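Next up, entry16.txt (compact mmCIF, C-alpha atoms):
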```txt
# COMPACT_ATOMS: atom_id res chain seq x y z
CA MET A 1 119.99 135.07 100.20
CA GLY A 2 122.90 134.23 97.94
CA LYS A 3 126.31 135.73 98.53
CA LEU A 4 126.26 137.58 95.25
CA GLN A 5 122.87 139.01 96.03
CA LEU A 6 124.31 140.52 99.22
CA ILE A 7 126.51 142.65 97.02
CA THR A 8 124.09 143.49 94.23
CA LYS A 9 121.23 144.48 96.49
CA GLY A 10 123.32 147.41 97.73
CA LEU A 11 123.72 148.60 94.16
CA ILE A 12 120.10 148.53 93.07
CA LYS A 13 117.37 147.28 95.39
CA GLU A 14 118.74 148.87 98.54
CA ASN A 15 120.87 151.56 96.97
CA PRO A 16 121.64 153.81 99.96
CA THR A 17 121.46 157.07 98.03
CA PHE A 18 118.72 156.62 95.47
CA VAL A 19 116.40 154.20 97.26
CA LEU A 20 116.99 154.42 101.02
CA LEU A 21 117.99 158.10 100.87
CA LEU A 22 120.53 157.62 103.64
CA GLY A 23 123.68 159.64 104.24
CA MET A 24 122.31 162.72 102.53
CA CYS A 25 124.67 165.14 104.27
CA PRO A 26 127.92 163.89 102.68
CA THR A 27 126.03 163.05 99.48
CA LEU A 28 124.97 166.63 98.91
CA ALA A 29 128.04 168.31 100.26
CA THR A 30 130.97 166.40 98.78
CA THR A 31 129.78 165.68 95.25
CA THR A 32 130.98 168.96 93.75
CA SER A 33 133.15 166.93 91.38
CA ALA A 34 133.43 163.30 90.29
CA VAL A 35 136.71 162.74 92.11
CA ASN A 36 135.40 164.19 95.36
CA GLY A 37 132.26 162.10 95.20
CA MET A 38 134.22 158.95 94.49
CA SER A 39 136.74 159.59 97.28
CA MET A 40 133.94 160.12 99.77
CA GLY A 41 132.24 156.94 98.60
CA LEU A 42 135.42 154.90 98.91
CA ALA A 43 136.21 156.33 102.35
CA THR A 44 132.74 155.41 103.57
CA MET A 45 133.00 151.96 102.00
CA PHE A 46 136.28 151.31 103.83
CA VAL A 47 134.73 152.22 107.18
CA LEU A 48 131.54 150.33 106.41
CA ILE A 49 133.25 147.05 105.56
CA LEU A 50 135.53 147.08 108.60
CA SER A 51 132.90 148.26 111.07
CA ASN A 52 130.41 145.71 109.74
CA MET A 53 132.93 142.90 110.20
CA VAL A 54 134.01 143.90 113.69
CA ILE A 55 130.49 144.57 114.90
CA SER A 56 129.28 141.27 113.54
CA ALA A 57 132.13 139.53 115.38
CA ILE A 58 131.57 141.18 118.75
CA ALA A 59 127.80 141.71 118.67
CA ALA A 60 127.07 138.56 120.69
CA TYR A 61 129.22 139.73 123.62
CA ILE A 62 127.82 143.23 123.91
CA PRO A 63 124.97 143.80 126.37
CA ASP A 64 121.97 145.34 124.67
CA LYS A 65 122.07 148.49 126.80
CA VAL A 66 125.48 149.63 125.59
CA ARG A 67 124.99 148.42 122.03
CA ILE A 68 124.87 151.81 120.33
CA PRO A 69 127.78 153.40 122.25
CA SER A 70 129.90 150.34 121.51
CA TYR A 71 129.11 150.52 117.79
CA ILE A 72 129.87 154.22 117.71
CA VAL A 73 133.24 153.68 119.39
CA VAL A 74 134.13 150.99 116.86
CA ILE A 75 133.03 153.14 113.92
CA ALA A 76 134.79 156.24 115.25
CA THR A 77 137.98 154.23 115.63
CA PHE A 78 137.98 153.21 111.99
CA VAL A 79 137.14 156.71 110.84
CA THR A 80 139.98 158.24 112.86
CA LEU A 81 142.31 155.57 111.57
CA LEU A 82 141.28 156.37 108.01
CA GLN A 83 141.79 160.06 108.74
CA PHE A 84 145.39 159.50 109.84
CA VAL A 85 146.16 157.36 106.82
CA MET A 86 144.59 159.80 104.36
CA GLN A 87 146.33 162.76 105.94
CA ALA A 88 149.65 160.96 105.60
CA TYR A 89 149.37 159.57 102.08
CA VAL A 90 146.71 161.53 100.17
CA PRO A 91 146.80 164.97 101.84
CA ASP A 92 145.13 166.70 98.88
CA ILE A 93 141.99 164.58 98.98
CA TYR A 94 142.01 164.79 102.75
CA GLU A 95 141.93 168.57 102.51
CA THR A 96 139.08 168.63 99.98
CA LEU A 97 136.88 166.28 101.96
CA GLY A 98 137.93 167.97 105.18
CA LEU A 99 135.15 167.98 107.73
CA PHE A 100 133.20 165.21 106.02
CA ILE A 101 135.70 162.49 106.90
CA PRO A 102 135.09 162.73 110.68
CA LEU A 103 131.39 163.02 109.89
CA ILE A 104 131.41 159.46 108.52
CA VAL A 105 131.10 158.47 112.20
CA VAL A 106 127.54 159.72 112.30
CA ASN A 107 126.70 158.70 108.73
CA CYS A 108 123.43 156.86 109.13
CA ILE A 109 124.43 154.27 106.51
CA VAL A 110 127.26 152.98 108.67
CA LEU A 111 125.30 152.81 111.92
CA GLY A 112 122.22 151.69 110.00
CA ARG A 113 124.01 148.65 108.55
CA ALA A 114 125.47 147.82 111.95
CA GLU A 115 122.00 147.82 113.50
CA ALA A 116 120.04 146.34 110.64
CA PHE A 117 122.45 143.76 109.32
CA ALA A 118 125.84 143.24 110.94
CA ASN A 119 124.68 142.39 114.46
CA LYS A 120 122.49 139.53 113.24
CA ASN A 121 124.66 138.05 110.48
CA SER A 122 127.99 136.28 110.11
CA VAL A 123 131.26 138.13 109.65
CA LEU A 124 131.53 137.10 105.98
CA ASP A 125 127.97 138.12 105.15
CA SER A 126 128.48 141.42 106.94
CA ALA A 127 131.64 142.09 104.97
CA LEU A 128 129.80 141.37 101.71
CA ASP A 129 126.96 143.61 102.82
CA GLY A 130 129.50 146.34 103.53
CA ILE A 131 131.02 145.91 100.08
CA GLY A 132 127.59 145.99 98.44
CA ILE A 133 126.22 149.02 100.24
CA GLY A 134 129.62 150.71 100.02
CA LEU A 135 129.75 150.15 96.26
CA GLY A 136 126.22 151.43 95.90
CA PHE A 137 127.13 154.55 97.81
CA THR A 138 130.36 155.05 95.85
CA VAL A 139 128.69 154.58 92.47
CA SER A 140 125.84 156.93 93.39
CA LEU A 141 128.17 159.62 94.69
CA THR A 142 130.42 159.33 91.67
CA LEU A 143 127.43 159.57 89.36
CA LEU A 144 126.12 162.64 91.16
CA GLY A 145 129.62 164.11 91.12
CA VAL A 146 129.95 163.48 87.37
CA VAL A 147 126.60 165.13 86.62
CA ARG A 148 127.37 168.15 88.79
CA GLU A 149 130.88 168.49 87.37
CA ILE A 150 129.68 168.30 83.76
CA LEU A 151 126.92 170.85 84.28
CA GLY A 152 128.72 173.04 86.78
CA SER A 153 132.32 173.17 85.59
CA GLY A 154 132.20 171.66 82.11
CA SER A 155 134.63 168.88 82.93
CA VAL A 156 134.71 165.20 83.87
CA PHE A 157 137.20 163.87 86.43
CA GLY A 158 139.07 167.15 86.06
CA PHE A 159 139.34 167.06 82.25
CA LYS A 160 137.79 170.20 80.86
CA PHE A 161 135.85 169.89 77.62
CA ILE A 162 134.43 173.39 77.30
CA GLU A 163 136.00 176.80 77.66
CA GLY A 164 135.00 178.89 80.64
CA ASP A 165 132.41 177.97 83.24
CA GLY A 166 129.37 175.76 83.23
CA ILE A 167 126.17 176.45 85.11
CA LEU A 168 127.64 177.55 88.41
CA ALA A 169 124.55 176.68 90.42
CA PHE A 170 125.31 172.98 89.99
CA VAL A 171 128.57 173.28 91.90
CA LEU A 172 126.78 175.10 94.69
CA ALA A 173 124.31 173.63 97.18
CA PRO A 174 121.04 174.17 95.21
CA GLY A 175 122.47 172.25 92.27
CA ALA A 176 123.17 169.30 94.55
CA PHE A 177 119.47 169.01 95.40
CA LEU A 178 118.40 169.48 91.78
CA ALA A 179 120.82 166.93 90.39
CA LEU A 180 120.02 164.41 93.14
CA GLY A 181 116.29 164.83 92.57
CA TYR A 182 116.54 164.16 88.85
CA LEU A 183 118.89 161.22 89.37
CA ILE A 184 116.43 159.64 91.82
CA VAL A 185 113.63 160.04 89.27
CA ILE A 186 115.71 158.43 86.53
CA PHE A 187 116.86 155.66 88.86
CA ARG A 188 113.28 154.88 89.94
CA LYS A 189 112.09 154.88 86.36
CA LEU A 190 114.78 152.42 85.29
CA THR A 191 114.46 150.06 88.25
CA THR A 192 110.67 149.87 88.39
CA LYS A 193 110.59 148.92 84.72
CA LYS A 194 112.90 146.05 85.50
CA ALA A 195 110.62 144.83 88.30
CA GLU A 196 107.64 144.57 85.99
CA MET B 1 128.23 146.18 130.88
CA THR B 2 130.86 148.62 132.09
CA VAL B 3 133.56 146.04 131.62
CA CYS B 4 132.47 145.42 128.07
CA LEU B 5 132.44 149.10 127.11
CA PHE B 6 135.75 149.61 128.87
CA ALA B 7 137.32 146.73 126.97
CA ILE B 8 136.11 148.06 123.62
CA CYS B 9 137.41 151.54 124.36
CA LEU B 10 140.73 150.16 125.53
CA VAL B 11 141.28 148.09 122.39
CA CYS B 12 140.20 150.97 120.17
CA SER B 13 142.45 153.53 121.80
CA ALA B 14 145.39 151.15 121.69
CA LEU B 15 144.79 150.62 117.98
CA LEU B 16 144.53 154.35 117.34
CA ALA B 17 147.67 155.09 119.32
CA GLY B 18 149.51 152.56 117.18
CA VAL B 19 148.31 154.00 113.89
CA TYR B 20 148.99 157.53 115.11
CA ALA B 21 152.57 156.61 115.92
CA LEU B 22 152.96 155.03 112.48
CA THR B 23 151.49 157.91 110.52
CA ALA B 24 152.72 160.89 112.56
CA GLU B 25 155.96 161.01 110.60
CA PRO B 26 154.49 160.79 107.07
CA ILE B 27 151.88 163.41 108.03
CA ALA B 28 154.54 165.83 109.22
CA ALA B 29 156.67 165.04 106.16
CA ALA B 30 153.75 165.63 103.79
CA ALA B 31 152.96 168.96 105.44
CA ALA B 32 156.61 170.02 105.34
CA ALA B 33 157.01 168.98 101.70
CA LYS B 34 153.89 170.91 100.78
CA ASN B 35 155.13 173.99 102.59
CA GLU B 36 158.53 173.81 100.92
CA ALA B 37 157.00 173.32 97.48
CA ALA B 38 154.81 176.37 98.10
CA ILE B 39 157.80 178.46 99.15
CA LYS B 40 159.74 177.44 96.03
CA GLU B 41 156.75 178.27 93.89
CA VAL B 42 156.49 181.85 95.11
CA LEU B 43 160.22 182.60 94.91
CA PRO B 44 162.71 182.79 92.00
CA ASP B 45 164.23 179.52 90.81
CA THR B 46 167.60 180.58 92.17
CA ALA B 47 166.28 180.08 95.69
CA VAL B 48 167.74 176.73 96.59
CA GLN B 49 168.21 176.99 100.33
CA ILE B 50 165.22 177.73 102.45
CA GLU B 51 165.74 178.82 105.98
CA GLU B 52 163.74 177.64 108.97
CA VAL B 53 160.55 179.53 109.57
CA ARG B 54 160.85 182.77 111.53
CA THR B 55 158.17 185.00 112.98
CA VAL B 56 157.89 188.74 112.99
CA GLU B 57 155.45 190.87 114.91
CA MET B 58 153.62 193.76 113.31
CA ASP B 59 150.69 195.71 114.77
CA GLY B 60 150.28 193.10 117.47
CA GLN B 61 149.97 190.25 114.95
CA LYS B 62 152.50 187.54 114.32
CA TYR B 63 153.48 186.53 110.79
CA ASP B 64 155.47 183.51 109.68
CA TYR B 65 158.08 183.90 107.00
CA ASN B 66 160.97 182.02 105.42
CA LEU B 67 164.11 183.52 103.94
CA ALA B 68 165.62 181.87 100.91
CA TYR B 69 169.19 181.93 99.60
CA ASP B 70 170.88 181.01 96.33
CA GLU B 71 173.80 178.59 96.02
CA LEU B 72 176.30 181.25 97.09
CA GLY B 73 174.31 182.14 100.17
CA ASN B 74 172.95 185.45 98.90
CA THR B 75 169.44 186.26 99.93
CA VAL B 76 167.09 185.97 96.98
CA GLY B 77 163.82 186.60 98.68
CA CYS B 78 161.37 186.06 101.41
CA ALA B 79 158.10 184.13 101.58
CA ILE B 80 155.52 185.53 103.97
CA ASN B 81 152.31 183.86 105.15
CA VAL B 82 149.21 185.99 105.47
CA ALA B 83 145.59 185.02 106.06
CA PRO B 84 143.16 187.82 105.21
CA VAL B 85 139.49 187.10 105.84
CA GLY B 86 137.54 186.56 102.63
CA PHE B 87 133.92 185.70 102.00
CA GLY B 88 134.01 182.18 103.41
CA GLY B 89 136.70 182.52 106.07
CA PRO B 90 140.43 183.16 106.08
CA ILE B 91 142.33 182.78 102.81
CA ALA B 92 145.83 181.53 103.62
CA ILE B 93 148.24 183.01 101.09
CA LYS B 94 151.98 182.64 100.74
CA VAL B 95 153.52 185.74 99.21
CA GLY B 96 157.03 185.68 97.77
CA PHE B 97 159.07 188.88 97.60
CA ASP B 98 162.43 189.44 95.96
CA VAL B 99 165.04 191.50 97.81
CA ASN B 100 163.62 194.75 96.42
CA GLY B 101 160.20 194.14 97.87
CA VAL B 102 158.62 193.32 94.52
CA ILE B 103 156.13 190.46 94.62
CA TRP B 104 157.53 187.45 92.75
CA ASN B 105 154.52 185.19 92.99
CA THR B 106 151.65 184.31 95.30
CA LYS B 107 150.00 181.04 96.16
CA VAL B 108 146.79 180.22 97.99
CA LEU B 109 147.44 177.56 100.62
CA SER B 110 143.87 177.10 101.75
CA GLN B 111 140.57 178.87 101.22
CA ALA B 112 136.86 178.32 101.65
CA GLU B 113 135.52 180.77 99.09
CA THR B 114 132.44 180.08 96.97
CA PRO B 115 133.25 177.50 94.26
CA GLY B 116 133.12 179.06 90.80
CA LEU B 117 133.23 182.58 92.19
CA GLY B 118 135.67 183.53 94.94
CA ALA B 119 137.48 180.21 94.64
CA LYS B 120 138.83 181.50 91.33
CA CYS B 121 141.44 183.36 93.38
CA THR B 122 143.46 180.14 93.17
CA GLU B 123 143.50 180.27 89.37
CA ALA B 124 146.26 181.74 87.25
CA SER B 125 143.84 184.13 85.50
CA PHE B 126 143.61 186.04 88.75
CA SER B 127 146.92 185.45 90.49
CA GLU B 128 149.04 186.03 87.36
CA GLN B 129 148.60 189.79 87.71
CA PHE B 130 150.59 189.80 90.95
CA LYS B 131 153.75 188.43 89.37
CA GLY B 132 156.20 191.31 89.38
CA PHE B 133 153.74 193.58 91.17
CA ASP B 134 155.71 196.35 92.85
CA PRO B 135 153.79 197.64 95.89
CA ALA B 136 155.96 200.79 95.83
CA GLN B 137 154.74 201.69 92.32
CA LYS B 138 151.20 200.37 92.21
CA LYS B 139 148.40 200.26 94.72
CA LEU B 140 147.38 196.93 96.21
CA SER B 141 143.63 197.32 96.20
CA VAL B 142 140.93 196.51 93.68
CA LYS B 143 140.15 198.95 90.86
CA LYS B 144 136.74 199.67 92.37
CA ASP B 145 138.56 201.09 95.41
CA GLY B 146 140.98 203.08 93.29
CA GLY B 147 143.78 200.52 93.23
CA ASP B 148 145.52 198.52 90.50
CA VAL B 149 144.17 195.02 91.09
CA ASP B 150 141.70 193.46 88.64
CA ALA B 151 138.98 191.92 90.78
CA ILE B 152 137.36 188.57 90.03
CA THR B 153 133.94 189.18 88.47
CA ALA B 154 131.20 189.04 91.13
CA SER B 155 133.75 188.31 93.87
CA THR B 156 134.79 191.72 95.10
CA ILE B 157 134.99 190.59 98.72
CA THR B 158 137.45 187.82 97.89
CA SER B 159 139.50 190.06 95.60
CA ARG B 160 139.58 192.79 98.22
CA ALA B 161 140.73 190.33 100.87
CA TYR B 162 143.44 189.00 98.55
CA ALA B 163 144.70 192.50 97.78
CA ASP B 164 144.58 193.43 101.47
CA GLY B 165 146.52 190.31 102.35
CA LEU B 166 149.21 191.18 99.85
CA ALA B 167 149.35 194.75 101.13
CA THR B 168 149.80 193.38 104.66
CA ALA B 169 152.53 191.06 103.41
CA SER B 170 154.28 194.01 101.81
CA LYS B 171 154.18 195.89 105.10
CA VAL B 172 155.50 192.82 106.89
CA PHE B 173 158.32 192.70 104.37
CA GLN B 174 159.25 196.30 105.19
CA THR B 175 159.13 195.46 108.89
CA ILE B 176 161.47 192.52 108.32
CA LEU B 177 163.84 194.83 106.41
CA GLN B 178 163.97 197.20 109.34
CA THR B 179 164.62 194.60 111.97
CA PRO B 180 168.32 194.16 112.72
CA MET B 181 168.31 190.60 111.38
CA PRO B 182 170.13 190.72 108.02
CA LEU B 183 168.60 190.64 104.56
CA ASN B 184 171.99 191.05 102.92
```
Rewrite the coordinates I just gave you, this time as structure tokens.
Amino acid sequence: MGKLQLITKGLIKENPTFVLLLGMCPTLATTTSAVNGMSMGLATMFVLILSNMVISAIAAYIPDKVRIPSYIVVIATFVTLLQFVMQAYVPDIYETLGLFIPLIVVNCIVLGRAEAFANKNSVLDSALDGIGIGLGFTVSLTLLGVVREILGSGSVFGFKFIEGDGILAFVLAPGAFLALGYLIVIFRKLTTKKAE
Amino acid sequence: MTVCLFAICLVCSALLAGVYALTAEPIAAAAAAKNEAAIKEVLPDTAVQIEEVRTVEMDGQKYDYNLAYDELGNTVGCAINVAPVGFGGPIAIKVGFDVNGVIWNTKVLSQAETPGLGAKCTEASFSEQFKGFDPAQKKLSVKKDGGDVDAITASTITSRAYADGLATASKVFQTILQTPMPLN
């Protein structure tokens, strides 16, 4: 597999949100607006790249029995580190994302990539895989955030283009499911056409 | 096996301790800056000196407040923190009073109300009505309950909590006035 393919497969073929349907909890909960979705995506990408690299580097020395605990410790370390940094330099975003930052630890994308990719591949490939999957996640979350923000609040990235409110349901939980469902349909439609 | 896990944990905790030490100061500074900006926002512009936080006890509950002075050292007001319970949990509000006990401004510090409904309590369209609100003249409860506060449409619980919080703050203000500590 080419190096470039490692990145692009995360965007389309193995898109974590629209194809693998991984990490649904932060996907549904944090995409109330485009900025929130993007911040969550970037935070996850940061953790994913670093944890992939470290796990790929140390995987050979870890006995199989303590594999999962070791990975979790590594991932949790990066998440906590990210939490400190965000709290110090971007407190506003930190407050909005709140609980979902520590929850990156148990995001199945991160552990999933560690298990499925990083522990059998080189450090460089794992980093590229992290970038690819991370980008896929970020783009998907931003897209979902944009759709929900347009429909729910009548704005994009905080810029309002209509007076008053949008369709409130899209900012709330049911709208997250609706918007995600339709996006998956559209995504499938577009990508299957390409395959033929 | 044990050695391996121990080594990983050791390295990780060392790393975290390092980052914690590095970021502890900016985190505290960011929180302090935010608090000070909030205090300045709820008090008149003449408030240039903000005193250290003090606490006052009322009905068995403790409330944090800051006194603020102008350039000459005259007291211009007092910012009180209250946290009434709304629909989605406590709504932390900072309430600024001038020396006469009239509300100067209010600011929501944190809330978990429903987006698009109760969360509108952070918007000017709701909070504007409290600027210059004199608790001695008007009643701090929503119109539905016979008060003078315009509730947010479909968010009576939030509006009620907000009004209650402000009423509590007003009582705290009176308590502060009565304590021997000067409000000159």
Interface residues on chain B facing chain A, 9 Å, all atoms listed in the file, written as a PyMOL selection string: chain B and resi 1-2+4-5+8-9+12-13+15-16+19-20+23-31+110+114-117
Can you tell me how far atom CA of A:Phe187 sits from atom CA of A:Arg148, in Å to one decimal?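 It comes out at 16.3 Å.
Between atom CA of B:Lys34 and atom CA of A:Met40 there is a distance of 22.7 Å.
Residue nearest B:Phe133, chosen from B:Lys171, B:Arg160, B:Thr106, B:Ala151 and counting only C-alpha atoms: B:Thr106.
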Distance in Å - atom CA of B:Val99 versus atom CA of B:Gln111: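 These two atoms are separated by 27.7 Å.
Counting only C-alpha atoms, A:Thr44 has the following residues at most 9 Å away, ignoring those fewer than 4 positions along the same chain: Ser39, Met40, Leu48, Ile49, Val79, Ile101, Ile104, Asn107, Ile109, Val110, Gly134, Phe137 and Thr138 of chain A.
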